[in-house]
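Student: Quick one: this structure, given as structure tokens, is what I'll be asking you about.
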Number of protein chains: 4
Amino acid sequence: MEAAEARRRDKRRQILDAAVTVFSEKGFHKSRVSDVARAGGVADGTIYLYFKSKDAILIAIFEEAMTEMIAGARTAMANVRDPLERLRSFALFHMDNVEAGRDTAKVLQVELRLSNTFMKEYKPTALQQYLDLIGDAIIEGQQRGQVRPEVNPIIARRAFFGALDEIAMQWILTPRARYGLKESAEQIAELFVRGLRA
Amino acid sequence: MEAAEARRRDKRRQILDAAVTVFSEKGFHKSRVSDVARAGGVADGTIYLYFKSKDAILIAIFEEAMTEMIAGARTAMANVRDPLERLRSFALFHMDNVEAGRDTAKVLQVELRLSNTFMKEYKPTALQQYLDLIGDAIIEGQQRGQVRPEVNPIIARRAFFGALDEIAMQWILTPRARYGLKESAEQIAELFVRGLRA
Amino acid sequence: MEAAEARRRDKRRQILDAAVTVFSEKGFHKSRVSDVARAGGVADGTIYLYFKSKDAILIAIFEEAMTEMIAGARTAMANVRDPLERLRSFALFHMDNVEAGRDTAKVLQVELRLSNTFMKEYKPTALQQYLDLIGDAIIEGQQRGQVRPEVNPIIARRAFFGALDEIAMQWILTPRARYGLKESAEQIAELFVRGLRA
Amino acid sequence: MEAAEARRRDKRRQILDAAVTVFSEKGFHKSRVSDVARAGGVADGTIYLYFKSKDAILIAIFEEAMTEMIAGARTAMANVRDPLERLRSFALFHMDNVEAGRDTAKVLQVELRLSNTFMKEYKPTALQQYLDLIGDAIIEGQQRGQVRPEVNPIIARRAFFGALDEIAMQWILTPRARYGLKESAEQIAELFVRGLRA
DNA sequence: AATGAATGAGGTTTCATTCAT
DNA sequence: GATGAATGAAACCTCATTCAT
């Protein structure tokens, strides 16, 4: 029954897509499960055949998005030899991704922070891998002598991510952002590349 | 009746302090007004003699904290001539502040993002002034020729803040943080000072 | 799905009937929605699948009762030629109706007056039709020369209704009324028939 | 301390007058005790030095108004020999009174019906005397042979009152009433005088 | 598998009343 | 006597979730 499973995946995606749209518009808390159901063209109860709870939808959105982002960032960084240039690629990819999936990004960044529980339990695991992409580049940079040895990669990678994240957040919340995300990505990358350089 | 007003201020503070404690423990949404009342040693109804609504408490916490932070940061940066060193002072002050008022910081950073409305309406105004402290230092640095002219201060200041904020957030959410905030402040300041330098 | 709609109507009626009982016993304001729910054998939330608010239940009771009363009075007066005799039929019907649906009458008469808003917005429209039945008979009486021409039908019809209503109210509020409503209806009808007669 | 008692009476009246204004504007339920206090120029707590409860204010308004009305109606009927003419005097007085004290009348007629308890416990006693003025005239009319002996005075008097009351209520609730109360009083009196006449 | 009617727990806020000053 | 800050009970309604069909 490969077809049945495919159908199942389709409906799951249908719900997930609807949830992203609804959550990004009204916010997670103000969105009712029935809003998502209507937007997804299914009955309320159907949601629960695919997700354990309303929270689980949010978590699924997060997990899928992170998986994609990690893969995407990996690809974007794959052919870049210079570790510091890889950071630039990361920044550009991240911002491209935010720009391309504004709704998803909005849900991830704004709505996810709702719950302490979530932040503590789910975010770290998936985020870790994303941060590792940054951290690994920094460490490799240190091994090659390109990055100052006194830099703490754990701190630096999160600072880098925080810088990108904050700019992305502002862009998401501002209807007409003054600066394009691409320019921001380049500025931030340049700041960090110079800041890290030995 | 100066005494009456003083008593009024005291009770307001009492409620506000209780709210910070309660919100930081359980989160804003999961905290009931009666939790705050109990923690503050007042009746439920009394809360409403001092605050228009539960939301208004959160807003008051934010406004008071920001006012203090802006004043504190200003003081911390006041006697530092070198604009780039001023960024270092800012970073150290910010992290000190987070460390000293962990509960408040937690409420600010985690709970405040709850509401899009809040983010859009209240955050910018007060946050702007805080960011200006960073931005002004960068601009002065550019005028003195210490900071690269191609740096966009609007982007750079928010990136700096984002870096600090993300580290602070992690520290807040992690029961036993691996790195002290002071070290993080120094690392981030060093990264940006070097990154900005002409 | 005719069955589904029928079931829906049934449950609506079930709630409405329960509400009449509860409201007439404790009064609208002192009745909690959960009282109505319990009496109707449904959950609190179910009420809100059928009525927008607690007020809406009261309005529905009023509208249904008025619709029935108007139809009933019309039928009762239909085969009576003499316009003045028609007033007697109206009086008898009205009192029969009050006697038969004591709870409903109680809710209508006592509880409805709760809200100025309600009185102004809803009562007139439906009540008007009820009063028209009286007014039309009086006007026809005047056209036939049976009723004094100087009688103002607008005033007279409301006076007639007021007389009936006041007696009904007393009967409703008095556990053991001294006089049957039927006797009262006849007395009032006789008073007005003679009073109106040319 | 006659002066002290006079002052006490004054403040009581001050509160009562304020209450009539406030209740007639917003309705009893929507009026807060603090509204009455503010309108009366006293503190919230002061109300309770003069009245046991919010309900007690309403009751006091009712009792004072009824006392005045009974006395007024008595005076108006005092010098009228013909019992049936006395009914006309009553009707005119009642409507004059409603017109002169529209706010008070509104409170009495609309707001008083709020509470079953009130209707049952307080209204009858005071209202009884008012109704007796009507009933006595009818009975005297029967003794003199002017009124049909088969008329039940208990029913007739209440019907008469109900007719007046309903018209008054409509006038109160209608911003621009089409008919003056004086005309209504005369119409109703004429209807009943003819209706009762032997 | 899909539906959607039914459930019922849960929390903010109001406001009559009290009482220390 | 007067004040008004403090109290705390009380209830409507929402909405995530379930389950009979």
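How things are named: the first chain in the structure tokens is A, the next is B, and so on; residues count from 1 in each chain; ligands count from 1 in the order shown.
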At a cut-off of 9 Å, using only C-alpha atoms (C1' of nucleotides), what residues contact DC15 in chain E? Leave out same-chain residues fewer than 6 positions from it and give the result as a JSON list (two decimals) with C-alpha atoms, in the first residue's frame.

Tutor:
[["chain", "number", "residue", "atom", "x", "y", "z"],
["D", 32, "ARG", "CA", -22.20, 50.67, 40.32],
["D", 33, "VAL", "CA", -22.41, 51.81, 43.89],
["D", 34, "SER", "CA", -19.39, 53.97, 43.15]]

Student: Please identify every residue of chain B that has at least one atom no more than 7 Å from any atom of chain F, counting only C-alpha atoms (C1' of nucleotides), and report them as number ranges by chain.

Tutor: B: 43, 45-46

Student: Please dump the current selection as a PDB file, in the first residue's frame; keep N, CA and C atoms.

Tutor:
ATOM      1  N   ALA B  43      -4.978  40.631  47.495  1.00  0.00           N
ATOM      2  CA  ALA B  43      -6.134  39.923  46.940  1.00  0.00           C
ATOM      3  C   ALA B  43      -6.141  40.067  45.424  1.00  0.00           C
ATOM      4  N   GLY B  45      -8.373  41.074  43.402  1.00  0.00           N
ATOM      5  CA  GLY B  45      -8.931  42.342  42.954  1.00  0.00           C
ATOM      6  C   GLY B  45      -7.965  43.503  43.105  1.00  0.00           C
ATOM      7  N   THR B  46      -7.113  43.418  44.077  1.00  0.00           N
ATOM      8  CA  THR B  46      -6.171  44.513  44.326  1.00  0.00           C
ATOM      9  C   THR B  46      -5.267  44.772  43.125  1.00  0.00           C
TER      10      THR B  46
END

Student: Range 138-148 of chain B: which residues within 9 Å, counting only C-alpha atoms (C1' of nucleotides), same-chain residues fewer than 4 positions away excluded, as an MDAnalysis selection string?

Tutor: chainID B and resid 82:84 87 133:134 153 156:157 193 195:198

Student: If we count only C-alpha atoms (C1' of nucleotides), which residues of chain E reach to within 9 Å of chain A? Please list them as number ranges by chain.

Tutor: E: 1-4

Student: Taking only C-alpha atoms into account, what are the residues of chain D at most 9 Å from chain C, put as an MDAnalysis selection string?

Tutor: chainID D and resid 26:27 29 110:111 113:116 119:120 150:152 155:156 158:167 173:174 179 184 187:188 190:197

Student: May I ask for the distance between CA of Arg86 in chain A and CA of Ile172 in chain A, given in Å to one decimal place?

Tutor: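 CA of Ile172 in chain A lies 24.8 Å from CA of Arg86 in chain A.
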
Student: Quick check for you: according to DSSP on this backbone, which residues of chain D are classed as helix (DSSP H, G or I)? Reply as a PyMOL selection string.

Tutor: chain D and resi 2-26+33-40+44-50+54-78+83-100+102-114+116-121+123-143+153-173+181-196

Student: Neighbours of Ser31 in chain B within 12 Å (only C-alpha atoms (C1' of nucleotides); same-chain residues fewer than 4 positions away dropped), as a PyMOL selection string?

Tutor: (chain B and resi 18-27+35-39+54-55+57-58+107+111) or (chain E and resi 11-12)

Student: What's the separation between CA of Leu127 in chain B and CA of Asp10 in chain B, in Å to one decimal place?

Tutor: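 Computing the Euclidean distance for CA of Leu127 in chain B and CA of Asp10 in chain B yields 26.5 Å.
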